[in-house]
$ cat query-v3.txt   # compact mmCIF, C-alpha atoms
# COMPACT_ATOMS: atom_id res chain seq x y z
CA MET A 1 107.26 159.67 -103.86
CA ALA A 2 105.45 162.97 -104.36
CA THR A 3 105.78 165.53 -101.60
CA GLN A 4 102.83 167.20 -99.96
CA ASP A 5 101.34 170.05 -101.97
CA ASP A 6 99.70 172.97 -100.21
CA THR A 7 99.14 174.92 -103.43
CA ALA A 8 95.59 173.58 -103.38
CA THR A 9 94.71 176.35 -100.94
CA MET A 10 93.52 178.43 -103.91
CA PRO A 11 95.95 181.36 -103.60
CA LYS A 12 95.12 182.97 -106.93
CA THR A 13 92.55 185.47 -105.66
CA ALA A 14 92.00 186.97 -102.24
CA LYS A 15 89.33 185.22 -100.19
CA PRO A 16 87.76 186.30 -96.92
CA ALA A 17 89.13 184.47 -93.91
CA ALA A 18 87.08 181.62 -92.51
CA LYS A 19 84.51 182.79 -89.99
CA ARG A 20 85.59 182.33 -86.40
CA ASP A 21 82.53 180.21 -85.65
CA ASP A 22 83.23 178.08 -88.77
CA ALA A 23 79.78 178.81 -90.17
CA PRO A 24 78.02 177.03 -91.72
CA HIS A 25 79.97 173.92 -90.60
CA ASP A 26 80.17 174.57 -86.83
CA GLY A 27 83.38 172.63 -86.40
CA LYS A 28 82.03 169.51 -88.10
CA VAL A 29 82.87 167.74 -91.36
CA MET A 30 81.60 169.90 -94.20
CA ASN A 31 78.15 169.50 -95.66
CA ILE A 32 77.66 170.83 -99.20
CA GLU A 33 74.05 171.88 -98.74
CA ARG A 34 73.47 175.56 -97.97
CA ALA A 35 77.19 176.36 -98.23
CA ASP A 36 78.51 178.82 -100.79
CA PHE A 37 81.66 177.84 -102.66
CA THR A 38 83.91 180.06 -100.51
CA ASP A 39 82.66 178.17 -97.45
CA LEU A 40 83.73 174.91 -99.04
CA VAL A 41 87.36 175.97 -99.63
CA PRO A 42 88.22 177.97 -96.48
CA GLU A 43 91.76 179.07 -95.80
CA GLY A 44 93.42 178.16 -92.53
CA ARG A 45 90.58 176.02 -91.21
CA ALA A 46 91.75 173.69 -88.45
CA PRO A 47 91.27 169.95 -89.14
CA VAL A 48 87.97 168.68 -87.76
CA GLN A 49 88.73 164.97 -88.31
CA GLY A 50 91.85 162.86 -88.58
CA MET A 51 93.64 163.70 -91.84
CA ASP A 52 96.98 161.96 -91.31
CA GLY A 53 99.04 161.94 -94.51
CA PHE A 54 96.88 164.56 -96.25
CA ASP A 55 98.07 167.94 -97.45
CA PRO A 56 97.72 170.57 -94.70
CA CYS A 57 95.17 172.64 -96.60
CA TYR A 58 92.50 169.95 -96.14
CA SER A 59 90.48 170.18 -92.93
CA ASP A 60 88.25 167.17 -93.64
CA ILE A 61 87.49 164.67 -96.40
CA VAL A 62 84.74 166.80 -97.99
CA ASP A 63 87.12 169.75 -98.12
CA TYR A 64 89.64 167.43 -99.82
CA ILE A 65 87.38 166.12 -102.59
CA VAL A 66 85.70 169.46 -103.35
CA ARG A 67 88.91 171.52 -103.27
CA CYS A 68 91.14 169.21 -105.33
CA THR A 69 88.37 168.57 -107.89
CA HIS A 70 87.93 172.31 -108.34
CA LYS A 71 91.66 172.90 -108.63
CA ILE A 72 92.17 170.18 -111.24
CA TRP A 73 89.11 170.80 -113.39
CA ASP A 74 88.17 174.47 -112.96
CA GLU A 75 91.53 176.10 -112.22
CA ARG A 76 93.32 173.75 -114.66
CA ASP A 77 95.96 172.57 -112.19
CA VAL A 78 96.04 169.18 -113.86
CA GLY A 79 99.44 168.48 -112.32
CA LEU A 80 97.77 167.94 -108.93
CA ILE A 81 96.86 164.52 -110.29
CA TYR A 82 100.47 163.51 -109.65
CA THR A 83 100.12 164.21 -105.92
CA HIS A 84 96.45 163.19 -105.58
CA TYR A 85 96.38 159.90 -107.53
CA THR A 86 98.53 156.79 -107.18
CA HIS A 87 100.64 155.74 -110.15
CA ASN A 88 98.51 152.60 -110.57
CA ILE A 89 95.09 154.24 -110.19
CA VAL A 90 92.21 152.21 -111.63
CA LEU A 91 89.50 154.49 -113.03
CA TYR A 92 86.26 152.80 -114.08
CA LEU A 93 84.10 154.51 -116.73
CA PRO A 94 80.90 153.33 -118.46
CA THR A 95 82.81 152.95 -121.75
CA GLY A 96 86.12 151.57 -120.50
CA THR A 97 88.74 151.47 -117.76
CA ILE A 98 91.93 153.47 -117.20
CA TYR A 99 94.77 151.74 -115.39
CA ASN A 100 97.46 154.33 -114.68
CA ARG A 101 98.03 157.94 -113.62
CA GLU A 102 99.52 159.13 -116.91
CA ASP A 103 96.38 158.12 -118.77
CA VAL A 104 94.26 159.95 -116.20
CA VAL A 105 96.33 163.08 -116.89
CA ARG A 106 95.94 162.62 -120.63
CA ASP A 107 92.20 161.98 -120.41
CA THR A 108 91.70 165.04 -118.19
CA ILE A 109 93.55 167.31 -120.62
CA GLN A 110 91.52 166.01 -123.57
CA ARG A 111 88.25 166.72 -121.76
CA LEU A 112 89.44 170.22 -120.88
CA VAL A 113 90.33 170.80 -124.53
CA SER A 114 86.85 169.80 -125.67
CA LEU A 115 84.89 171.71 -123.03
CA PRO A 116 87.08 174.66 -121.97
CA GLU A 117 84.18 176.63 -120.51
CA ARG A 118 82.76 173.83 -118.37
CA ARG A 119 82.51 174.47 -114.66
CA GLY A 120 81.65 171.75 -112.17
CA MET A 121 79.64 172.69 -109.09
CA ALA A 122 79.67 170.39 -106.06
CA THR A 123 76.08 169.38 -105.35
CA HIS A 124 76.76 167.09 -102.40
CA VAL A 125 79.28 164.60 -101.03
CA VAL A 126 78.30 161.40 -99.23
CA TRP A 127 81.18 159.61 -97.54
CA ASN A 128 82.44 157.14 -94.96
CA GLY A 129 85.76 155.90 -93.57
CA ASN A 130 88.71 157.45 -91.75
CA ASP A 131 92.34 158.39 -92.32
CA LYS A 132 93.65 155.06 -91.00
CA ASP A 133 91.56 152.64 -93.05
CA GLY A 134 90.88 154.98 -95.96
CA PHE A 135 87.96 157.15 -97.04
CA TYR A 136 85.21 156.57 -99.60
CA THR A 137 83.49 159.58 -101.17
CA SER A 138 80.55 159.80 -103.56
CA HIS A 139 80.68 163.28 -105.12
CA LEU A 140 77.75 164.56 -107.19
CA VAL A 141 78.73 167.41 -109.53
CA THR A 142 76.52 169.53 -111.78
CA GLY A 143 78.55 170.74 -114.77
CA SER A 144 77.61 173.46 -117.22
CA GLY A 145 79.24 175.42 -120.02
CA ARG A 146 79.29 175.89 -123.79
CA TYR A 147 80.85 173.82 -126.55
CA SER A 148 83.23 176.51 -127.76
CA GLN A 149 86.26 174.59 -129.03
CA ASN A 150 86.64 171.72 -131.49
CA GLY A 151 87.10 168.43 -129.68
CA HIS A 152 85.89 164.87 -129.48
CA TYR A 153 82.28 166.01 -130.05
CA GLY A 154 83.27 167.43 -133.45
CA PRO A 155 83.16 171.05 -134.66
CA ALA A 156 82.34 173.54 -131.91
CA ASN A 157 78.91 175.11 -132.20
CA GLY A 158 78.79 177.33 -129.09
CA ARG A 159 75.74 175.60 -127.67
CA PRO A 160 75.24 175.53 -123.89
CA PHE A 161 74.88 172.33 -121.89
CA VAL A 162 74.32 171.14 -118.34
CA SER A 163 74.80 167.60 -117.08
CA ARG A 164 75.41 165.61 -113.92
CA THR A 165 78.38 163.47 -112.95
CA VAL A 166 78.98 161.28 -109.91
CA ALA A 167 82.53 160.30 -108.97
CA ASP A 168 83.09 157.65 -106.30
CA CYS A 169 86.65 157.64 -104.92
CA MET A 170 88.66 155.43 -102.60
CA ILE A 171 91.28 157.63 -100.90
CA HIS A 172 94.19 156.96 -98.57
CA ARG A 173 96.81 159.45 -97.38
CA ASN A 174 96.00 162.18 -99.90
CA LYS A 175 95.83 159.85 -102.91
CA ILE A 176 92.92 158.40 -104.85
CA TYR A 177 93.73 154.82 -105.72
CA ARG A 178 90.42 153.67 -107.19
CA GLU A 179 87.63 155.71 -108.79
CA TRP A 180 84.31 155.16 -110.54
CA VAL A 181 82.94 158.00 -112.69
CA VAL A 182 79.50 158.07 -114.31
CA SER A 183 78.91 161.12 -116.47
CA ASP A 184 75.67 161.73 -118.37
CA GLN A 185 77.27 162.07 -121.79
CA MET A 186 73.98 161.53 -123.62
CA ALA A 187 72.62 164.69 -121.98
CA ILE A 188 75.53 166.65 -123.46
CA VAL A 189 75.21 165.02 -126.90
CA LYS A 190 71.52 165.87 -127.09
CA GLN A 191 71.97 169.46 -125.90
CA LEU A 192 74.75 170.04 -128.42
CA GLY A 193 72.39 168.93 -131.18
CA LEU A 194 74.57 166.03 -132.31
CA ASP A 195 73.33 162.93 -134.10
CA GLU A 196 73.37 160.49 -131.19
CA GLN A 197 73.26 157.43 -133.45
CA ALA A 198 76.20 158.58 -135.55
CA TYR A 199 78.19 159.65 -132.51
CA ALA A 200 77.63 156.32 -130.74
CA GLU A 201 78.61 154.46 -133.90
CA LYS A 202 81.83 156.48 -134.09
CA LEU A 203 82.71 155.53 -130.51
CA ALA A 204 81.81 151.90 -131.12
CA ALA A 205 83.92 151.77 -134.29
CA ALA A 206 86.96 153.02 -132.36
CA LYS A 207 86.46 150.29 -129.74
CA PHE A 208 85.94 147.67 -132.45
CA ALA A 209 89.16 148.73 -134.16
CA GLN A 210 90.93 147.99 -130.86
CA GLY A 211 89.67 144.42 -131.04
CA LEU A 212 86.83 144.83 -128.53
CA LYS A 213 83.46 143.19 -129.04
CA GLN A 214 81.85 144.39 -125.84
CA LEU A 215 82.46 146.91 -123.07
CA ASP A 216 82.68 144.71 -120.00
CA ILE A 217 82.34 146.41 -116.61
CA GLY A 218 81.79 143.24 -114.61
CA GLU A 219 79.47 140.27 -114.56
CA THR A 220 76.63 140.49 -112.06
CA GLY A 221 75.04 137.17 -113.00
CA LEU A 222 71.76 136.55 -114.76
CA LEU A 223 69.04 134.48 -113.21
CA MET A 224 69.83 130.87 -113.99
CA GLY A 225 67.43 128.04 -114.70
CA GLN A 226 63.87 128.48 -113.43
CA TYR A 227 64.56 130.04 -110.05
CA PRO A 228 62.83 133.28 -109.01
CA PRO A 229 64.83 136.26 -107.75
CA ALA A 230 66.44 135.88 -104.34
CA GLU A 231 63.92 136.36 -101.56
CA HIS A 232 66.10 138.82 -99.68
CA ALA A 233 68.74 141.38 -100.65
CA ASP A 234 72.39 140.85 -99.84
CA LEU A 235 72.98 143.31 -97.01
CA SER A 236 76.65 142.56 -96.42
CA ILE A 237 77.86 145.95 -97.71
CA ALA A 238 75.52 147.97 -95.44
CA ASN A 239 76.83 149.85 -92.41
CA ASN A 240 73.58 150.75 -90.60
CA ASP A 241 69.84 150.16 -90.57
CA LEU A 242 69.03 152.89 -93.10
CA GLU A 243 71.50 151.44 -95.58
CA ARG A 244 70.05 147.96 -95.02
CA HIS A 245 66.58 149.38 -95.63
CA THR A 246 67.79 151.01 -98.86
CA LEU A 247 69.33 147.80 -100.20
CA SER A 248 66.17 145.87 -99.29
CA TRP A 249 63.72 148.08 -101.16
CA LEU A 250 66.06 148.41 -104.17
CA HIS A 251 66.08 144.60 -104.39
CA GLU A 252 62.27 144.53 -104.13
CA VAL A 253 61.85 147.08 -106.93
CA PHE A 254 64.57 146.21 -109.44
CA ASN A 255 65.03 142.46 -108.96
CA LYS A 256 61.62 141.30 -107.73
CA LYS A 257 59.82 143.90 -109.90
CA MET A 258 57.61 145.04 -107.03
CA PHE A 259 57.28 148.58 -108.31
CA GLY A 260 54.46 149.36 -105.88
CA LYS A 261 57.12 149.46 -103.16
CA ILE A 262 58.07 152.90 -104.44
CA ARG A 263 54.88 154.38 -102.94
CA GLU A 264 55.96 153.10 -99.53
CA VAL A 265 59.49 154.46 -99.44
CA TYR A 266 59.16 157.77 -101.32
CA ALA A 267 57.38 160.88 -100.08
CA PRO A 268 54.39 161.92 -102.22
CA THR A 269 56.20 165.20 -102.95
CA VAL A 270 59.50 163.55 -103.94
CA MET A 271 61.65 165.28 -106.54
CA TYR A 272 63.46 163.02 -109.02
CA HIS A 273 66.63 164.38 -110.66
CA GLY A 274 67.52 161.88 -113.37
CA PRO A 275 69.50 161.19 -116.55
CA LEU A 276 69.13 163.66 -119.43
CA MET A 277 68.60 166.31 -116.73
CA LYS A 278 65.08 165.13 -116.00
CA GLU A 279 63.39 166.99 -113.16
CA LEU A 280 60.23 165.10 -112.16
CA TYR A 281 57.83 165.15 -109.23
CA GLY A 282 55.88 162.52 -107.31
CA THR A 283 55.95 158.77 -106.79
CA THR A 284 54.21 158.07 -110.09
CA SER A 285 57.09 159.69 -111.98
CA VAL A 286 59.65 157.69 -110.00
CA SER A 287 57.74 154.48 -110.74
CA HIS A 288 57.63 155.30 -114.44
CA GLN A 289 61.40 155.84 -114.54
CA ALA A 290 62.09 152.54 -112.76
CA ILE A 291 59.74 150.61 -115.04
CA GLY A 292 61.24 152.31 -118.09
CA LEU A 293 64.75 151.18 -117.16
CA VAL A 294 63.74 147.61 -116.28
CA GLY A 295 61.48 147.45 -119.36
CA ALA A 296 64.46 147.85 -121.67
CA PHE A 297 66.41 145.09 -119.87
CA PRO A 298 63.75 142.86 -118.25
CA ASP A 299 66.18 140.03 -117.46
CA ALA A 300 68.74 142.32 -115.82
CA VAL A 301 70.05 141.82 -112.29
CA PHE A 302 70.41 144.93 -110.15
CA ALA A 303 73.60 144.59 -108.07
CA PRO A 304 74.65 147.28 -105.58
CA GLN A 305 78.43 147.58 -105.32
CA HIS A 306 78.83 150.11 -102.50
CA ILE A 307 76.67 152.09 -100.11
CA CYS A 308 77.41 154.86 -97.61
CA SER A 309 75.46 157.57 -95.81
CA THR A 310 75.95 160.89 -94.02
CA PRO A 311 73.66 163.24 -92.08
CA CYS A 312 72.35 166.22 -94.05
CA ASN A 313 72.13 169.72 -92.61
CA GLU A 314 68.80 170.15 -94.39
CA GLY A 315 67.55 167.46 -92.02
CA GLY A 316 67.58 163.71 -92.46
CA THR A 317 70.30 161.61 -94.12
CA LYS A 318 71.72 161.20 -97.61
CA VAL A 319 72.54 157.70 -98.86
CA ALA A 320 74.77 157.02 -101.89
CA VAL A 321 74.57 153.73 -103.81
CA ARG A 322 76.86 152.63 -106.65
CA TRP A 323 75.25 149.88 -108.69
CA VAL A 324 75.49 147.77 -111.83
CA MET A 325 72.71 146.26 -113.95
CA GLU A 326 73.59 143.52 -116.42
CA GLY A 327 71.18 141.93 -118.85
CA HIS A 328 69.96 141.96 -122.43
CA HIS A 329 68.13 144.57 -124.52
CA LEU A 330 64.93 142.55 -124.81
CA GLY A 331 62.19 145.14 -124.53
CA PHE A 332 60.99 148.69 -124.97
CA GLY A 333 61.65 151.09 -122.12
CA GLY A 334 62.33 154.70 -121.31
CA LEU A 335 65.58 154.85 -123.30
CA ASP A 336 64.39 156.17 -126.65
CA SER A 337 67.76 156.12 -128.43
CA LEU A 338 68.03 152.32 -128.15
CA GLY A 339 65.08 151.77 -130.49
CA ASP A 340 63.63 148.32 -131.11
CA PRO A 341 64.91 145.49 -128.89
CA THR A 342 68.15 144.03 -130.23
CA GLY A 343 68.75 141.22 -127.75
CA LYS A 344 72.29 142.46 -127.14
CA ARG A 345 73.96 142.10 -123.76
CA VAL A 346 74.45 145.42 -121.99
CA GLN A 347 75.74 146.62 -118.66
CA VAL A 348 74.67 149.78 -116.87
CA MET A 349 76.92 151.43 -114.27
CA GLY A 350 74.91 153.88 -112.20
CA MET A 351 75.07 156.05 -109.11
CA SER A 352 72.09 157.11 -106.98
CA HIS A 353 71.88 159.54 -104.06
CA TYR A 354 68.75 159.42 -101.87
CA HIS A 355 67.74 162.06 -99.34
CA TYR A 356 65.69 160.55 -96.51
CA LYS A 357 63.71 162.85 -94.27
CA ASP A 358 61.13 161.76 -91.70
CA GLY A 359 61.50 158.20 -92.91
CA LYS A 360 60.75 158.90 -96.60
CA ILE A 361 62.84 159.76 -99.67
CA VAL A 362 62.24 163.40 -100.54
CA ASP A 363 64.88 163.69 -103.31
CA GLU A 364 66.61 161.22 -105.62
CA TRP A 365 69.56 161.96 -107.90
CA THR A 366 70.38 159.14 -110.33
CA VAL A 367 73.07 159.21 -113.01
CA PHE A 368 73.75 156.64 -115.71
CA ASP A 369 74.80 157.19 -119.30
CA GLU A 370 72.38 156.16 -122.04
CA LEU A 371 75.12 156.86 -124.57
CA SER A 372 77.26 154.03 -123.17
CA LEU A 373 74.33 151.62 -123.65
CA LEU A 374 73.88 152.71 -127.24
CA VAL A 375 77.63 152.26 -127.86
CA GLN A 376 77.46 148.75 -126.39
CA ILE A 377 74.61 147.77 -128.69
CA LYS A 378 76.32 149.17 -131.79
CA LEU A 379 79.59 147.47 -130.84
CA ALA A 380 77.79 144.12 -130.52
CA GLN A 381 76.16 144.66 -133.91
CA MET A 382 79.57 145.38 -135.46
CA ALA A 383 80.86 142.14 -133.98
CA ASP A 384 77.94 140.30 -135.63
CA ALA A 385 78.67 141.71 -139.09
CA PRO A 386 80.54 139.24 -141.36
CA SER A 387 84.15 140.17 -142.01
CA ALA A 388 85.78 140.34 -145.43
CA SER A 389 87.65 137.12 -144.72
CA ASP A 390 84.38 135.38 -143.87
CA ALA A 391 82.93 136.51 -147.17
CA LEU A 392 85.96 135.22 -149.06
CA ASP A 393 85.77 131.87 -147.29
CA LYS A 394 82.17 131.47 -148.36
$ encode --input "query-v3.txt" --output "structure tokens"
Amino acid sequence: MATQDDTATMPKTAKPAAKRDDAPHDGKVMNIERADFTDLVPEGRAPVQGMDGFDPCYSDIVDYIVRCTHKIWDERDVGLIYTHYTHNIVLYLPTGTIYNREDVVRDTIQRLVSLPERRGMATHVVWNGNDKDGFYTSHLVTGSGRYSQNGHYGPANGRPFVSRTVADCMIHRNKIYREWVVSDQMAIVKQLGLDEQAYAEKLAAAKFAQGLKQLDIGETGLLMGQYPPAEHADLSIANNDLERHTLSWLHEVFNKKMFGKIREVYAPTVMYHGPLMKELYGTTSVSHQAIGLVGAFPDAVFAPQHICSTPCNEGGTKVAVRWVMEGHHLGFGGLDSLGDPTGKRVQVMGMSHYHYKDGKIVDEWTVFDELSLLVQIKLAQMADAPSASDALDK
């Protein structure tokens, strides 16, 4: 068993000591908003919540997820994966699943090779749990850099990029044992000036060569027979009234198609931070994005998988929802790369963070990867193509 590692205290450069009054955290679990990076990785900060089994450098669960993510990805201490992940980690991605720690190490190194200048900035962390039962964190990261080294995107062209990623982690005694990561790869592909169709086909061909005909991330269940959508949302995963409210209106909008509900739950001045680095304003924009997603997959079921919430030091509360949509590409929507409807079955893994203030949503951050949808469609089309043996038989 790996021993505790206190090298994650970031000893490489001198840092000012933590302020005696623990500003801006005031002795509470860290909040990302309004805090500079040095405030998020303080040295010698006393624990402010139970952290039994965790390395001594971590004062709370937000400190843990921000600090170890920075160390692994930005300071290149990839070996921390051995002390921060279990050997049988299951890592769910929009284009596949990783089932062990060694493959996580390998995948991390390959991504660092391709994007050596990328830096990931913690945007916020929504969490719940404790050190006895385990923690759950939903960590929104904004990454930026340049494509300066040949890698899985092809020849380096030096172009800059910025994209969002959300990583949801289940953590117990210093180790992540299950993780879901949604990264907006299509945003990067577009900003690098790549041919998105050719790139998606390349990824699909590699999956097809492995014997795959679809990228399955879990069945959510299509509407069967002639029944309408369920009258009420399943609220069993909610922990409080605000989370129950969130699950209820999401069901109204995405399953019952009552898009007018958006005007009731969002503030008129809402800011929407979406896939492809969209930055939009107002309830009309939010409605258009929701209709655009459902329009592409009109028979899809929207199924929340996890929800948690934490107070925000900007005021109000932030709620994180991990969700899956499963249906068929039957219509035109806001996903331009998919083109004409193909009828192919697709699954969307997404993460959304909502900032409620004075009873209304004032900010939404949503991440899903359009590239994974395009890969799924191309993979299904490859599976439809007649094989050489079929041709010979005929």
$ closest_residue --input "query-v3.txt" --among "A:Ile89, A:Ile176, A:Asn31, A:Gly79" --to "Val62 in chain A" --atoms "all atoms listed in the file"
A:Asn31
$ closest_residue --input "query-v3.txt" --among "A:Ser337, A:Val294, A:Ala206, A:Arg106" --to "Asp369 in chain A" --atoms "only C-alpha atoms"
A:Ser337
$ residues_around --input "query-v3.txt" --residues "range 268-270 of chain A" --least-positions-apart "3" --cutoff "6 Å" --atoms "all atoms listed in the file" --output "ChimeraX atom specification"
/A:281-283,362-363
$ write_last_selection --input "query-v3.txt" --atoms "C-alpha atoms" --output "PDB file, in the coordinates of the input"
ATOM      1  CA  TYR A 281      57.830 165.150-109.230  1.00  0.00           C
ATOM      2  CA  GLY A 282      55.880 162.520-107.310  1.00  0.00           C
ATOM      3  CA  THR A 283      55.950 158.770-106.790  1.00  0.00           C
ATOM      4  CA  VAL A 362      62.240 163.400-100.540  1.00  0.00           C
ATOM      5  CA  ASP A 363      64.880 163.690-103.310  1.00  0.00           C
TER       6      ASP A 363
END
$ residues_near_point --input "query-v3.txt" --point "(81.1, 157.4, -103.2)" --cutoff "12 Å" --atoms "only C-alpha atoms" --output "PDB file with C-alpha atoms, keeping the file's coordinate frame"
ATOM      1  CA  ILE A  61      87.490 164.670 -96.400  1.00  0.00           C
ATOM      2  CA  VAL A  62      84.740 166.800 -97.990  1.00  0.00           C
ATOM      3  CA  ILE A  65      87.380 166.120-102.590  1.00  0.00           C
ATOM      4  CA  HIS A 124      76.760 167.090-102.400  1.00  0.00           C
ATOM      5  CA  VAL A 125      79.280 164.600-101.030  1.00  0.00           C
ATOM      6  CA  VAL A 126      78.300 161.400 -99.230  1.00  0.00           C
ATOM      7  CA  TRP A 127      81.180 159.610 -97.540  1.00  0.00           C
ATOM      8  CA  ASN A 128      82.440 157.140 -94.960  1.00  0.00           C
ATOM      9  CA  GLY A 129      85.760 155.900 -93.570  1.00  0.00           C
ATOM     10  CA  PHE A 135      87.960 157.150 -97.040  1.00  0.00           C
ATOM     11  CA  TYR A 136      85.210 156.570 -99.600  1.00  0.00           C
ATOM     12  CA  THR A 137      83.490 159.580-101.170  1.00  0.00           C
ATOM     13  CA  SER A 138      80.550 159.800-103.560  1.00  0.00           C
ATOM     14  CA  HIS A 139      80.680 163.280-105.120  1.00  0.00           C
ATOM     15  CA  LEU A 140      77.750 164.560-107.190  1.00  0.00           C
ATOM     16  CA  THR A 165      78.380 163.470-112.950  1.00  0.00           C
ATOM     17  CA  VAL A 166      78.980 161.280-109.910  1.00  0.00           C
ATOM     18  CA  ALA A 167      82.530 160.300-108.970  1.00  0.00           C
ATOM     19  CA  ASP A 168      83.090 157.650-106.300  1.00  0.00           C
ATOM     20  CA  CYS A 169      86.650 157.640-104.920  1.00  0.00           C
ATOM     21  CA  MET A 170      88.660 155.430-102.600  1.00  0.00           C
ATOM     22  CA  ILE A 171      91.280 157.630-100.900  1.00  0.00           C
ATOM     23  CA  ILE A 176      92.920 158.400-104.850  1.00  0.00           C
ATOM     24  CA  ARG A 178      90.420 153.670-107.190  1.00  0.00           C
ATOM     25  CA  GLU A 179      87.630 155.710-108.790  1.00  0.00           C
ATOM     26  CA  TRP A 180      84.310 155.160-110.540  1.00  0.00           C
ATOM     27  CA  VAL A 181      82.940 158.000-112.690  1.00  0.00           C
ATOM     28  CA  VAL A 182      79.500 158.070-114.310  1.00  0.00           C
ATOM     29  CA  GLN A 305      78.430 147.580-105.320  1.00  0.00           C
ATOM     30  CA  HIS A 306      78.830 150.110-102.500  1.00  0.00           C
ATOM     31  CA  ILE A 307      76.670 152.090-100.110  1.00  0.00           C
ATOM     32  CA  CYS A 308      77.410 154.860 -97.610  1.00  0.00           C
ATOM     33  CA  SER A 309      75.460 157.570 -95.810  1.00  0.00           C
ATOM     34  CA  THR A 310      75.950 160.890 -94.020  1.00  0.00           C
ATOM     35  CA  LYS A 318      71.720 161.200 -97.610  1.00  0.00           C
ATOM     36  CA  VAL A 319      72.540 157.700 -98.860  1.00  0.00           C
ATOM     37  CA  ALA A 320      74.770 157.020-101.890  1.00  0.00           C
ATOM     38  CA  VAL A 321      74.570 153.730-103.810  1.00  0.00           C
ATOM     39  CA  ARG A 322      76.860 152.630-106.650  1.00  0.00           C
ATOM     40  CA  TRP A 323      75.250 149.880-108.690  1.00  0.00           C
ATOM     41  CA  GLY A 350      74.910 153.880-112.200  1.00  0.00           C
ATOM     42  CA  MET A 351      75.070 156.050-109.110  1.00  0.00           C
ATOM     43  CA  SER A 352      72.090 157.110-106.980  1.00  0.00           C
ATOM     44  CA  HIS A 353      71.880 159.540-104.060  1.00  0.00           C
TER      45      HIS A 353
END
$ closest_residue --input "query-v3.txt" --among "A:Arg164, A:His172, A:Arg146, A:Arg345" --to "Trp365 in chain A" --atoms "only C-alpha atoms"
A:Arg164
$ residues_around --input "query-v3.txt" --residues "Leu379 in chain A" --least-positions-apart "4" --cutoff "10 Å" --atoms "all atoms listed in the file" --output "list in words"
Ala200, Glu201, Lys202, Leu203, Ala204, Ala205, Ala206, Lys207, Phe208, Leu212, Lys213, Gln214, Leu215, Lys344, Leu373, Leu374, Val375, Ala383 and Asp384 of chain A
$ residues_near_point --input "query-v3.txt" --point "(73.1, 167.8, -131.3)" --cutoff "12 Å" --atoms "only C-alpha atoms" --output "NGL selection string"
:A and (147 or 153-161 or 185-199)
$ closest_residue --input "query-v3.txt" --among "A:Asp184, A:Asp336, A:Glu326, A:Asp63" --to "Met277 in chain A" --atoms "only C-alpha atoms"
A:Asp184
$ atom_distance --input "query-v3.txt" --atom1 "CA of Ile32 in chain A" --atom2 "CA of Asn313 in chain A"
8.7 Å
$ closest_residue --input "query-v3.txt" --among "A:Lys132, A:Arg67, A:Arg101, A:Arg263" --to "Ile361 in chain A" --atoms "all atoms listed in the file"
A:Arg263
$ closest_residue --input "query-v3.txt" --among "A:Gly44, A:Pro298, A:Met51, A:Pro341" --to "Asp133 in chain A" --atoms "all atoms listed in the file"
A:Met51
